[in-house]
$ cat entry_20.cif   # mmCIF, C-alpha atoms
data_work
loop_
_atom_site.group_PDB
_atom_site.id
_atom_site.type_symbol
_atom_site.label_atom_id
_atom_site.label_comp_id
_atom_site.auth_asym_id
_atom_site.auth_seq_id
_atom_site.Cartn_x
_atom_site.Cartn_y
_atom_site.Cartn_z
ATOM 1 C CA MET A 2 154.454 157.178 121.822
ATOM 2 C CA MET A 3 150.973 155.729 121.399
ATOM 3 C CA SER A 4 150.111 152.348 122.820
ATOM 4 C CA LEU A 5 149.099 149.800 120.214
ATOM 5 C CA VAL A 6 145.379 149.794 119.545
ATOM 6 C CA LYS A 7 143.401 147.672 117.141
ATOM 7 C CA PRO A 8 143.481 149.315 113.708
ATOM 8 C CA ILE A 9 140.289 150.032 111.829
ATOM 9 C CA ARG A 10 141.097 148.396 108.519
ATOM 10 C CA THR A 11 137.806 149.027 106.729
ATOM 11 C CA TRP A 12 135.454 152.014 107.002
ATOM 12 C CA LEU A 13 132.243 151.235 105.098
ATOM 13 C CA PHE A 14 130.214 154.198 103.879
ATOM 14 C CA ALA A 15 126.414 153.859 103.890
ATOM 15 C CA PRO A 16 123.925 156.526 102.750
ATOM 16 C CA GLY A 17 122.228 158.046 105.778
ATOM 17 C CA MET A 18 118.843 158.149 104.063
ATOM 18 C CA ASP A 19 118.747 154.460 103.103
ATOM 19 C CA ALA A 20 117.575 152.447 106.123
ATOM 20 C CA ARG A 21 118.114 149.107 104.392
ATOM 21 C CA LYS A 22 121.723 149.855 103.438
ATOM 22 C CA CYS A 23 122.478 151.255 106.888
ATOM 23 C CA GLU A 24 121.138 148.112 108.561
ATOM 24 C CA LYS A 25 123.122 145.900 106.160
ATOM 25 C CA ALA A 26 126.233 147.950 106.910
ATOM 26 C CA VAL A 27 125.765 147.359 110.640
ATOM 27 C CA GLN A 28 125.722 143.602 109.947
ATOM 28 C CA SER A 29 128.754 143.687 107.635
ATOM 29 C CA ALA A 30 132.318 142.568 108.354
ATOM 30 C CA ALA A 31 133.650 146.125 108.136
ATOM 31 C CA ASP A 32 135.608 147.234 111.190
ATOM 32 C CA ALA A 33 133.769 150.575 111.205
ATOM 33 C CA LEU A 34 130.756 152.159 109.524
ATOM 34 C CA ILE A 35 130.386 155.705 108.259
ATOM 35 C CA LEU A 36 126.719 156.624 108.029
ATOM 36 C CA ASP A 37 126.668 159.543 105.642
ATOM 37 C CA LEU A 38 124.732 162.770 106.099
ATOM 38 C CA GLU A 39 126.815 164.618 103.508
ATOM 39 C CA ASP A 40 127.166 163.663 99.839
ATOM 40 C CA ALA A 41 124.843 160.649 99.954
ATOM 41 C CA VAL A 42 121.804 162.636 101.151
ATOM 42 C CA ALA A 43 119.871 165.147 99.071
ATOM 43 C CA LEU A 44 119.438 168.569 100.651
ATOM 44 C CA SER A 45 115.662 168.128 100.970
ATOM 45 C CA GLU A 46 116.136 164.770 102.738
ATOM 46 C CA LYS A 47 118.672 165.801 105.358
ATOM 47 C CA PRO A 48 116.138 166.506 108.178
ATOM 48 C CA LYS A 49 114.594 163.054 107.676
ATOM 49 C CA ALA A 50 118.049 161.432 107.544
ATOM 50 C CA ARG A 51 119.044 163.078 110.830
ATOM 51 C CA LEU A 52 116.002 161.599 112.561
ATOM 52 C CA MET A 53 116.696 158.164 111.134
ATOM 53 C CA LEU A 54 120.349 158.170 112.152
ATOM 54 C CA ASN A 55 119.469 159.453 115.606
ATOM 55 C CA GLN A 56 117.394 156.328 116.185
ATOM 56 C CA LEU A 57 119.938 154.014 114.582
ATOM 57 C CA VAL A 58 122.837 155.364 116.646
ATOM 58 C CA LYS A 59 120.792 154.946 119.820
ATOM 59 C CA SER A 60 120.100 151.301 119.017
ATOM 60 C CA VAL A 61 123.556 150.189 117.870
ATOM 61 C CA SER A 62 125.670 147.884 120.007
ATOM 62 C CA PRO A 63 128.515 149.570 121.913
ATOM 63 C CA ASP A 64 130.831 146.984 120.335
ATOM 64 C CA ARG A 65 130.126 148.326 116.829
ATOM 65 C CA GLN A 66 132.287 151.195 115.604
ATOM 66 C CA VAL A 67 129.697 153.564 114.095
ATOM 67 C CA TYR A 68 130.690 156.987 112.777
ATOM 68 C CA VAL A 69 128.591 159.645 111.088
ATOM 69 C CA ARG A 70 129.917 161.942 108.367
ATOM 70 C CA VAL A 71 128.334 165.333 108.942
ATOM 71 C CA ASN A 72 128.121 168.220 106.492
ATOM 72 C CA ASP A 73 131.089 170.582 106.361
ATOM 73 C CA PHE A 74 131.149 173.939 108.107
ATOM 74 C CA MET A 75 130.629 175.957 104.930
ATOM 75 C CA THR A 76 127.128 174.459 104.545
ATOM 76 C CA GLY A 77 125.922 175.828 107.879
ATOM 77 C CA MET A 78 124.508 172.385 108.736
ATOM 78 C CA THR A 79 127.288 170.954 110.888
ATOM 79 C CA ALA A 80 125.830 171.979 114.247
ATOM 80 C CA GLU A 81 122.402 170.583 113.423
ATOM 81 C CA ASP A 82 123.936 167.318 112.255
ATOM 82 C CA LEU A 83 125.959 166.997 115.445
ATOM 83 C CA ARG A 84 122.919 167.671 117.633
ATOM 84 C CA ALA A 85 121.100 164.823 115.910
ATOM 85 C CA VAL A 86 123.756 162.121 116.123
ATOM 86 C CA CYS A 87 125.901 162.778 119.210
ATOM 87 C CA THR A 88 124.008 160.247 121.274
ATOM 88 C CA GLY A 89 123.768 156.574 122.129
ATOM 89 C CA GLY A 90 126.614 154.366 120.994
ATOM 90 C CA LEU A 91 128.181 156.732 118.465
ATOM 91 C CA ALA A 92 131.921 156.048 118.165
ATOM 92 C CA GLY A 93 132.866 159.122 116.184
ATOM 93 C CA ILE A 94 132.243 161.963 113.788
ATOM 94 C CA VAL A 95 133.793 162.200 110.340
ATOM 95 C CA LEU A 96 134.389 165.882 109.562
ATOM 96 C CA PRO A 97 134.623 166.585 105.814
ATOM 97 C CA LYS A 98 136.741 169.294 104.231
ATOM 98 C CA ALA A 99 138.862 169.835 107.324
ATOM 99 C CA GLU A 100 140.962 172.870 106.441
ATOM 100 C CA SER A 101 142.259 174.244 109.728
ATOM 101 C CA ALA A 102 143.018 173.352 113.309
ATOM 102 C CA GLU A 103 140.311 175.833 114.322
ATOM 103 C CA MET A 104 137.666 173.774 112.506
ATOM 104 C CA VAL A 105 138.703 170.688 114.454
ATOM 105 C CA ARG A 106 138.657 172.548 117.763
ATOM 106 C CA ILE A 107 135.237 174.084 117.112
ATOM 107 C CA ALA A 108 133.752 170.706 116.185
ATOM 108 C CA SER A 109 135.400 169.156 119.263
ATOM 109 C CA ALA A 110 133.903 171.824 121.526
ATOM 110 C CA MET A 111 130.461 171.203 120.046
ATOM 111 C CA ILE A 112 130.810 167.463 120.656
ATOM 112 C CA ASP A 113 132.025 168.127 124.222
ATOM 113 C CA GLU A 114 128.895 170.123 125.002
ATOM 114 C CA LEU A 115 126.529 167.630 123.383
ATOM 115 C CA SER A 116 128.235 164.681 125.098
ATOM 116 C CA ARG A 117 127.831 166.312 128.503
ATOM 117 C CA ALA A 118 124.162 167.006 127.811
ATOM 118 C CA GLU A 119 123.639 163.362 126.800
ATOM 119 C CA GLY A 120 125.617 162.030 129.763
ATOM 120 C CA LEU A 121 127.988 160.112 127.480
ATOM 121 C CA PRO A 122 131.273 158.700 128.799
ATOM 122 C CA HIS A 123 134.164 161.128 128.523
ATOM 123 C CA GLY A 124 135.942 160.748 125.203
ATOM 124 C CA GLN A 125 133.467 158.242 123.742
ATOM 125 C CA ILE A 126 132.971 160.226 120.539
ATOM 126 C CA THR A 127 136.197 160.746 118.611
ATOM 127 C CA MET A 128 136.720 162.532 115.317
ATOM 128 C CA CYS A 129 138.225 161.712 111.931
ATOM 129 C CA GLY A 130 138.954 164.734 109.756
ATOM 130 C CA ILE A 131 139.024 164.390 105.972
ATOM 131 C CA LEU A 132 141.758 166.194 104.051
ATOM 132 C CA GLU A 133 140.163 166.693 100.640
ATOM 133 C CA THR A 134 141.131 170.174 99.493
ATOM 134 C CA ALA A 135 144.424 171.817 98.618
ATOM 135 C CA ARG A 136 144.162 173.979 101.729
ATOM 136 C CA GLY A 137 143.532 170.934 103.916
ATOM 137 C CA VAL A 138 146.514 168.999 102.567
ATOM 138 C CA LEU A 139 148.840 171.995 102.861
ATOM 139 C CA ARG A 140 147.732 172.437 106.477
ATOM 140 C CA ALA A 141 147.869 168.724 107.302
ATOM 141 C CA GLU A 142 150.439 169.163 110.065
ATOM 142 C CA GLU A 143 148.530 171.823 111.976
ATOM 143 C CA ILE A 144 145.221 169.993 111.541
ATOM 144 C CA ALA A 145 146.659 166.714 112.830
ATOM 145 C CA ALA A 146 148.061 168.543 115.862
ATOM 146 C CA ALA A 147 144.782 170.340 116.656
ATOM 147 C CA GLY A 148 143.984 168.090 119.595
ATOM 148 C CA GLY A 149 140.458 167.955 120.932
ATOM 149 C CA ARG A 150 138.581 164.860 119.803
ATOM 150 C CA LEU A 151 140.667 164.272 116.682
ATOM 151 C CA SER A 152 141.954 160.693 116.575
ATOM 152 C CA THR A 153 142.959 160.331 112.928
ATOM 153 C CA LEU A 154 142.731 161.790 109.418
ATOM 154 C CA MET A 155 141.377 160.477 106.140
ATOM 155 C CA PHE A 156 142.533 161.444 102.665
ATOM 156 C CA GLY A 157 139.667 162.128 100.245
ATOM 157 C CA ALA A 158 140.626 161.908 96.582
ATOM 158 C CA GLY A 159 137.278 162.754 94.978
ATOM 159 C CA ASP A 160 136.890 166.252 96.346
ATOM 160 C CA PHE A 161 140.648 166.784 96.271
ATOM 161 C CA THR A 162 140.838 166.288 92.510
ATOM 162 C CA GLY A 163 137.726 168.408 92.139
ATOM 163 C CA ASP A 164 139.334 171.199 94.129
ATOM 164 C CA LEU A 165 142.381 171.068 91.853
ATOM 165 C CA GLY A 166 140.175 171.196 88.776
ATOM 166 C CA ILE A 167 141.447 167.922 87.305
ATOM 167 C CA PRO A 168 139.524 164.783 86.289
ATOM 168 C CA THR A 169 138.021 162.904 89.228
ATOM 169 C CA SER A 170 140.276 160.049 90.226
ATOM 170 C CA ASN A 171 141.284 158.052 93.265
ATOM 171 C CA VAL A 172 144.529 156.601 91.937
ATOM 172 C CA GLY A 173 147.617 157.989 90.270
ATOM 173 C CA PRO A 174 150.897 159.742 91.062
ATOM 174 C CA HIS A 175 149.146 163.114 91.394
ATOM 175 C CA LEU A 176 147.527 161.833 94.629
ATOM 176 C CA VAL A 177 150.566 160.276 96.273
ATOM 177 C CA ASN A 178 151.827 163.564 97.687
ATOM 178 C CA GLY A 179 148.536 164.207 99.438
ATOM 179 C CA LYS A 180 148.573 160.728 100.912
ATOM 180 C CA ILE A 181 152.151 161.086 102.116
ATOM 181 C CA GLN A 182 151.405 164.458 103.714
ATOM 182 C CA THR A 183 148.425 162.933 105.509
ATOM 183 C CA ALA A 184 150.458 160.001 106.818
ATOM 184 C CA LEU A 185 153.376 162.186 107.932
ATOM 185 C CA ALA A 186 151.046 164.616 109.708
ATOM 186 C CA CYS A 187 149.351 161.840 111.678
ATOM 187 C CA ARG A 188 152.669 160.341 112.726
ATOM 188 C CA ALA A 189 154.179 163.669 113.716
ATOM 189 C CA ALA A 190 151.125 164.558 115.802
ATOM 190 C CA GLY A 191 151.066 161.168 117.519
ATOM 191 C CA ILE A 192 147.517 160.357 116.444
ATOM 192 C CA ARG A 193 146.386 157.108 114.844
ATOM 193 C CA PRO A 194 147.583 156.281 111.314
ATOM 194 C CA PRO A 195 145.353 157.697 108.595
ATOM 195 C CA VAL A 196 142.579 156.175 106.501
ATOM 196 C CA ASP A 197 142.902 155.977 102.718
ATOM 197 C CA THR A 198 140.402 157.317 100.210
ATOM 198 C CA VAL A 199 137.654 155.217 98.653
ATOM 199 C CA PHE A 200 138.180 153.323 95.380
ATOM 200 C CA PHE A 201 135.346 154.204 93.033
ATOM 201 C CA ASP A 202 135.248 151.167 90.705
ATOM 202 C CA VAL A 203 133.661 148.370 92.751
ATOM 203 C CA THR A 204 134.109 145.910 89.835
ATOM 204 C CA ASP A 205 137.916 146.304 89.641
ATOM 205 C CA ALA A 206 139.173 143.909 92.320
ATOM 206 C CA GLU A 207 142.737 143.927 91.027
ATOM 207 C CA GLY A 208 142.943 147.713 90.984
ATOM 208 C CA PHE A 209 141.388 147.900 94.435
ATOM 209 C CA GLU A 210 143.931 145.476 95.871
ATOM 210 C CA ALA A 211 146.816 147.445 94.352
ATOM 211 C CA ASP A 212 145.394 150.666 95.797
ATOM 212 C CA CYS A 213 145.109 149.085 99.249
ATOM 213 C CA ARG A 214 148.685 147.824 99.097
ATOM 214 C CA GLN A 215 149.969 151.246 98.098
ATOM 215 C CA ALA A 216 148.160 152.838 101.031
ATOM 216 C CA LYS A 217 149.521 150.250 103.447
ATOM 217 C CA GLY A 218 153.009 150.929 102.114
ATOM 218 C CA LEU A 219 152.555 154.641 102.779
ATOM 219 C CA GLY A 220 151.613 154.086 106.428
ATOM 220 C CA PHE A 221 147.804 154.033 106.365
ATOM 221 C CA GLN A 222 145.920 151.914 108.907
ATOM 222 C CA GLY A 223 143.029 151.083 106.597
ATOM 223 C CA LYS A 224 140.753 152.166 103.786
ATOM 224 C CA ALA A 225 137.335 153.685 103.277
ATOM 225 C CA VAL A 226 135.122 151.392 101.190
ATOM 226 C CA ILE A 227 131.859 151.983 99.369
ATOM 227 C CA HIS A 228 130.628 148.422 98.788
ATOM 228 C CA PRO A 229 130.571 145.272 100.926
ATOM 229 C CA ASN A 230 132.459 143.383 98.205
ATOM 230 C CA GLN A 231 135.552 145.481 99.025
ATOM 231 C CA ILE A 232 135.646 144.602 102.722
ATOM 232 C CA ALA A 233 137.346 141.198 102.676
ATOM 233 C CA MET A 234 140.154 142.361 100.404
ATOM 234 C CA ALA A 235 140.888 145.490 102.455
ATOM 235 C CA ASN A 236 140.759 143.585 105.747
ATOM 236 C CA GLY A 237 143.218 141.076 104.301
ATOM 237 C CA VAL A 238 145.671 143.617 102.907
ATOM 238 C CA PHE A 239 145.749 145.680 106.111
ATOM 239 C CA SER A 240 146.322 142.590 108.268
ATOM 240 C CA PRO A 241 149.708 140.851 108.631
ATOM 241 C CA SER A 242 149.986 137.769 106.418
ATOM 242 C CA SER A 243 151.166 134.415 107.748
ATOM 243 C CA ASP A 244 154.462 134.847 105.881
ATOM 244 C CA GLU A 245 154.964 138.315 107.368
ATOM 245 C CA ILE A 246 154.274 136.997 110.861
ATOM 246 C CA ALA A 247 156.662 134.080 110.426
ATOM 247 C CA TYR A 248 159.459 136.320 109.157
ATOM 248 C CA ALA A 249 158.886 138.910 111.907
ATOM 249 C CA ARG A 250 159.103 136.192 114.548
ATOM 250 C CA LEU A 251 162.311 134.869 112.986
ATOM 251 C CA VAL A 252 163.815 138.370 113.045
ATOM 252 C CA VAL A 253 162.892 139.013 116.678
ATOM 253 C CA GLU A 254 164.074 135.644 117.916
ATOM 254 C CA SER A 255 167.301 135.661 115.876
ATOM 255 C CA PHE A 256 168.185 139.157 117.013
ATOM 256 C CA ALA A 257 167.461 138.365 120.667
ATOM 257 C CA LYS A 258 169.875 135.446 120.477
ATOM 258 C CA ALA A 259 172.545 137.556 118.736
ATOM 259 C CA GLU A 260 172.124 140.419 121.207
ATOM 260 C CA SER A 261 172.618 138.055 124.128
ATOM 261 C CA GLU A 262 175.973 137.222 122.544
ATOM 262 C CA GLY A 263 176.932 140.895 122.212
ATOM 263 C CA VAL A 264 176.049 141.308 118.525
ATOM 264 C CA GLY A 265 174.004 144.368 117.442
ATOM 265 C CA ALA A 266 173.466 143.660 113.736
ATOM 266 C CA ILE A 267 172.852 140.374 111.958
ATOM 267 C CA ARG A 268 171.638 138.942 108.668
ATOM 268 C CA VAL A 269 168.360 137.062 108.376
ATOM 269 C CA GLU A 270 167.680 135.375 105.041
ATOM 270 C CA GLY A 271 170.368 137.576 103.502
ATOM 271 C CA LYS A 272 168.962 140.859 104.820
ATOM 272 C CA LEU A 273 170.751 143.162 107.266
ATOM 273 C CA ILE A 274 168.850 143.398 110.544
ATOM 274 C CA ASP A 275 169.469 146.036 113.199
ATOM 275 C CA TYR A 276 167.438 147.570 116.027
ATOM 276 C CA ALA A 277 165.130 149.535 113.688
ATOM 277 C CA MET A 278 164.113 146.417 111.770
ATOM 278 C CA VAL A 279 163.605 144.481 114.990
ATOM 279 C CA LYS A 280 161.343 147.226 116.318
ATOM 280 C CA ASN A 281 159.211 147.081 113.170
ATOM 281 C CA SER A 282 159.028 143.289 113.355
ATOM 282 C CA GLN A 283 157.897 143.460 116.975
ATOM 283 C CA LYS A 284 155.207 145.981 116.016
ATOM 284 C CA LEU A 285 153.940 143.583 113.366
ATOM 285 C CA LEU A 286 153.783 140.731 115.875
ATOM 286 C CA ASP A 287 151.945 142.963 118.340
ATOM 287 C CA LEU A 288 149.501 143.943 115.589
ATOM 288 C CA ALA A 289 148.888 140.306 114.702
ATOM 289 C CA ARG A 290 148.215 139.562 118.353
ATOM 290 C CA THR A 291 145.801 142.488 118.593
ATOM 291 C CA LEU A 292 143.948 141.224 115.515
ATOM 292 C CA LYS A 293 144.107 137.652 116.875
ATOM 293 C CA ILE A 294 145.954 136.404 113.814
ATOM 294 C CA SER A 295 148.395 133.510 113.985
ATOM 295 C CA GLU A 296 150.661 131.964 111.372
#
$ encode --input "entry_20.cif" --output "structure tokens"
Amino acid sequence: MMSLVKPIRTWLFAPGMDARKCEKAVQSAADALILDLEDAVALSEKPKARLMLNQLVKSVSPDRQVYVRVNDFMTGMTAEDLRAVCTGGLAGIVLPKAESAEMVRIASAMIDELSRAEGLPHGQITMCGILETARGVLRAEEIAAAGGRLSTLMFGAGDFTGDLGIPTSNVGPHLVNGKIQTALACRAAGIRPPVDTVFFDVTDAEGFEADCRQAKGLGFQGKAVIHPNQIAMANGVFSPSSDEIAYARLVVESFAKAESEGVGAIRVEGKLIDYAMVKNSQKLLDLARTLKISE
């Protein structure tokens, strides 16, 4: 069992070649940043982007959760990306198109070597692998259990739909299976809950909220976002509400009283409560405490 750690509710992507957007991302209310060396950077600009991110990562506060998405192994650029950014206060690497446990282990070994060379604290740089191909989703269990530096997984709908040869989308029943597989794999492997895919339409607040709530209901810890206007909503959805906290406290306290009287199942507000429900309520209260949220 993992000890409770503060969830990363929002992961804000910023293009690695845009210094202004990267600096704004650092100042944002997102729990974590993903500075992107992959899709957001043109091939001709990648060397310049590596240099820029190298300096940015060195200057960032240790309190800021900064990740870098490198290019996938099939591009031949992963090692060069890692050499550029595994330094300073980097919190983690986002590995796109993760399709095997071997990929995770190879990337972990590379980070191990670079961390030693930089004199970084052991385990400082973690890894988030993105499941965004059919092969990756079908191998979710083995990827999640790969070990090394892997701390969680992300589901990526854009490339996933592209791999299947269907219209690009980030919502719909055709994606739910991939999300469920990602969540189950993380839980079975004992790593942190997964991160949900981005929502492409930054003007659709209602759709974005519904997408966040679906992901939360499937067991995701948070969501990748592509615009600062999505941060507050995602942070709110992936945090316990005051009503949820109040009900969880009522469940825990009512059950403790009943248990002291030799009763192992009760009703609270008409709902059957047993040990499983009490455990979930206690987790929610612990999460609220970790996030410093009160009723």
$ resolve_selection --input "entry_20.cif" --expression "the PyMOL selection byres ((chain A and resi 202) around 12)" --output "PyMOL selection string"
chain A and resi 170-172+199-201+203-210+212+226-228+230-231
$ closest_residue --input "entry_20.cif" --among "A:Ile181, A:Leu13, A:Leu251, A:Val71" --to "Lys25 (chain A)" --atoms "all atoms listed in the file"
A:Leu13
$ resolve_selection --input "entry_20.cif" --expression "the PyMOL selection byres ((chain A and resi 60) around 12)" --output "mmCIF file with C-alpha atoms, in the coordinates of the input"
data_model
loop_
_atom_site.group_PDB
_atom_site.id
_atom_site.type_symbol
_atom_site.label_atom_id
_atom_site.label_comp_id
_atom_site.auth_asym_id
_atom_site.auth_seq_id
_atom_site.Cartn_x
_atom_site.Cartn_y
_atom_site.Cartn_z
ATOM 1 C CA GLU A 24 121.138 148.112 108.561
ATOM 2 C CA VAL A 27 125.765 147.359 110.640
ATOM 3 C CA MET A 53 116.696 158.164 111.134
ATOM 4 C CA LEU A 54 120.349 158.170 112.152
ATOM 5 C CA ASN A 55 119.469 159.453 115.606
ATOM 6 C CA GLN A 56 117.394 156.328 116.185
ATOM 7 C CA LEU A 57 119.938 154.014 114.582
ATOM 8 C CA VAL A 58 122.837 155.364 116.646
ATOM 9 C CA LYS A 59 120.792 154.946 119.820
ATOM 10 C CA VAL A 61 123.556 150.189 117.870
ATOM 11 C CA SER A 62 125.670 147.884 120.007
ATOM 12 C CA PRO A 63 128.515 149.570 121.913
ATOM 13 C CA ASP A 64 130.831 146.984 120.335
ATOM 14 C CA ARG A 65 130.126 148.326 116.829
ATOM 15 C CA VAL A 67 129.697 153.564 114.095
ATOM 16 C CA VAL A 86 123.756 162.121 116.123
ATOM 17 C CA THR A 88 124.008 160.247 121.274
ATOM 18 C CA GLY A 89 123.768 156.574 122.129
ATOM 19 C CA GLY A 90 126.614 154.366 120.994
ATOM 20 C CA LEU A 91 128.181 156.732 118.465
#
$ residues_around --input "entry_20.cif" --residues "Ala43 (chain A)" --least-positions-apart "6" --cutoff "12 Å" --atoms "all atoms listed in the file" --output "ChimeraX atom specification"
/A:16-19,37,49-51,72
$ closest_residue --input "entry_20.cif" --among "A:Ser261, A:Ser29, A:Gln283, A:Thr11" --to "Val238 (chain A)" --atoms "all atoms listed in the file"
A:Thr11
$ residues_around --input "entry_20.cif" --residues "Gly220 (chain A)" --least-positions-apart "4" --cutoff "9 Å" --atoms "all atoms listed in the file" --output "ChimeraX atom specification"
/A:181,184-185,188,194-195,215-216
$ write_last_selection --input "entry_20.cif" --atoms "C-alpha atoms" --output "short mmCIF file (atom, residue, chain, number, x, y, z; two decimals), in the coordinates of the input"
data_model
loop_
_atom_site.label_atom_id
_atom_site.label_comp_id
_atom_site.auth_asym_id
_atom_site.auth_seq_id
_atom_site.Cartn_x
_atom_site.Cartn_y
_atom_site.Cartn_z
CA ILE A 181 152.15 161.09 102.12
CA ALA A 184 150.46 160.00 106.82
CA LEU A 185 153.38 162.19 107.93
CA ARG A 188 152.67 160.34 112.73
CA PRO A 194 147.58 156.28 111.31
CA PRO A 195 145.35 157.70 108.60
CA GLN A 215 149.97 151.25 98.10
CA ALA A 216 148.16 152.84 101.03
#
$ closest_residue --input "entry_20.cif" --among "A:Lys7, A:Lys224, A:Lys272, A:Lys98" --to "Thr76 (chain A)" --atoms "only C-alpha atoms"
A:Lys98
$ resolve_selection --input "entry_20.cif" --expression "the PyMOL selection byres ((chain A and resi 79) around 10)" --output "list in words"
Leu38, Glu39, Arg70, Val71, Asn72, Asp73, Phe74, Met75, Thr76, Gly77, Met78, Ala80, Glu81, Asp82, Leu83, Arg84, Leu96, Pro97, Ala108 and Met111 of chain A
$ atom_distance --input "entry_20.cif" --atom1 "CA of Ala102 (chain A)" --atom2 "CA of Gly137 (chain A)"
9.7 Å
$ residues_around --input "entry_20.cif" --residues "Glu119 (chain A)" --least-positions-apart "2" --cutoff "9 Å" --atoms "all atoms listed in the file" --output "list of chain:residue names"
A:Cys87, A:Thr88, A:Gly89, A:Glu114, A:Leu115, A:Ser116, A:Arg117, A:Leu121
$ residues_around --input "entry_20.cif" --residues "Leu132 (chain A)" --least-positions-apart "4" --cutoff "12 Å" --atoms "only C-alpha atoms" --output "VMD selection string"
chain A and resid 73 95 to 102 105 136 to 145 153 to 162 164 176 179 to 184 186 to 187 195 to 198
$ closest_residue --input "entry_20.cif" --among "A:Val6, A:Gly163, A:Val252, A:Val177" --to "Arg268 (chain A)" --atoms "only C-alpha atoms"
A:Val252
$ atom_distance --input "entry_20.cif" --atom1 "CA of Leu36 (chain A)" --atom2 "CA of Met128 (chain A)"
13.7 Å
$ atom_distance --input "entry_20.cif" --atom1 "CA of Ala15 (chain A)" --atom2 "CA of Leu34 (chain A)"
7.3 Å
$ closest_residue --input "entry_20.cif" --among "A:Leu52, A:Ala30, A:Leu286, A:Cys23" --to "Met234 (chain A)" --atoms "all atoms listed in the file"
A:Ala30
$ closest_residue --input "entry_20.cif" --among "A:Ala259, A:Leu288, A:Ala235, A:Val279" --to "Ala31 (chain A)" --atoms "only C-alpha atoms"
A:Ala235
$ axis_aligned_box --input "entry_20.cif" --around "region 260-268 of chain A" --padding-each-side "3 Å" --output "lines of an AutoDock Vina configuration file"
center_x = 174.3
center_y = 140.8
center_z = 116.4
size_x = 11.3
size_y = 13.1
size_z = 21.5
$ decode --input "entry_20.cif" --residues "region 11-15 of chain A" --atoms "all heavy atoms" --output "short mmCIF file (atom, residue, chain, number, x, y, z; two decimals), in the first residue's frame"
data_model
loop_
_atom_site.label_atom_id
_atom_site.label_comp_id
_atom_site.auth_asym_id
_atom_site.auth_seq_id
_atom_site.Cartn_x
_atom_site.Cartn_y
_atom_site.Cartn_z
N THR A 11 -3.48 19.16 -11.65
CA THR A 11 -3.38 19.80 -12.96
C THR A 11 -1.95 19.76 -13.47
O THR A 11 -1.01 20.11 -12.75
CB THR A 11 -3.85 21.26 -12.90
OG1 THR A 11 -3.34 21.88 -11.72
CG2 THR A 11 -5.36 21.35 -12.89
N TRP A 12 -1.79 19.33 -14.71
CA TRP A 12 -0.49 19.25 -15.38
C TRP A 12 -0.58 20.15 -16.61
O TRP A 12 -1.17 19.78 -17.62
CB TRP A 12 -0.19 17.81 -15.81
CG TRP A 12 -0.23 16.79 -14.70
CD1 TRP A 12 -1.29 16.45 -13.91
CD2 TRP A 12 0.85 15.95 -14.28
NE1 TRP A 12 -0.93 15.46 -13.04
CE2 TRP A 12 0.37 15.13 -13.23
CE3 TRP A 12 2.18 15.81 -14.70
CZ2 TRP A 12 1.16 14.18 -12.60
CZ3 TRP A 12 2.97 14.86 -14.07
CH2 TRP A 12 2.47 14.07 -13.02
N LEU A 13 -0.01 21.34 -16.54
CA LEU A 13 -0.13 22.33 -17.60
C LEU A 13 0.98 22.18 -18.62
O LEU A 13 2.16 22.32 -18.31
CB LEU A 13 -0.10 23.74 -17.01
CG LEU A 13 -0.10 24.91 -18.00
CD1 LEU A 13 -1.38 24.91 -18.84
CD2 LEU A 13 0.08 26.24 -17.25
N PHE A 14 0.59 21.91 -19.87
CA PHE A 14 1.56 21.83 -20.96
C PHE A 14 1.96 23.24 -21.40
O PHE A 14 1.12 24.14 -21.49
CB PHE A 14 0.96 21.11 -22.17
CG PHE A 14 1.08 19.61 -22.12
CD1 PHE A 14 0.01 18.83 -21.71
CD2 PHE A 14 2.25 18.98 -22.51
CE1 PHE A 14 0.11 17.45 -21.67
CE2 PHE A 14 2.37 17.61 -22.48
CZ PHE A 14 1.30 16.83 -22.07
N ALA A 15 3.24 23.42 -21.70
CA ALA A 15 3.74 24.67 -22.27
C ALA A 15 4.76 24.32 -23.34
O ALA A 15 5.61 23.45 -23.14
CB ALA A 15 4.38 25.54 -21.20
#
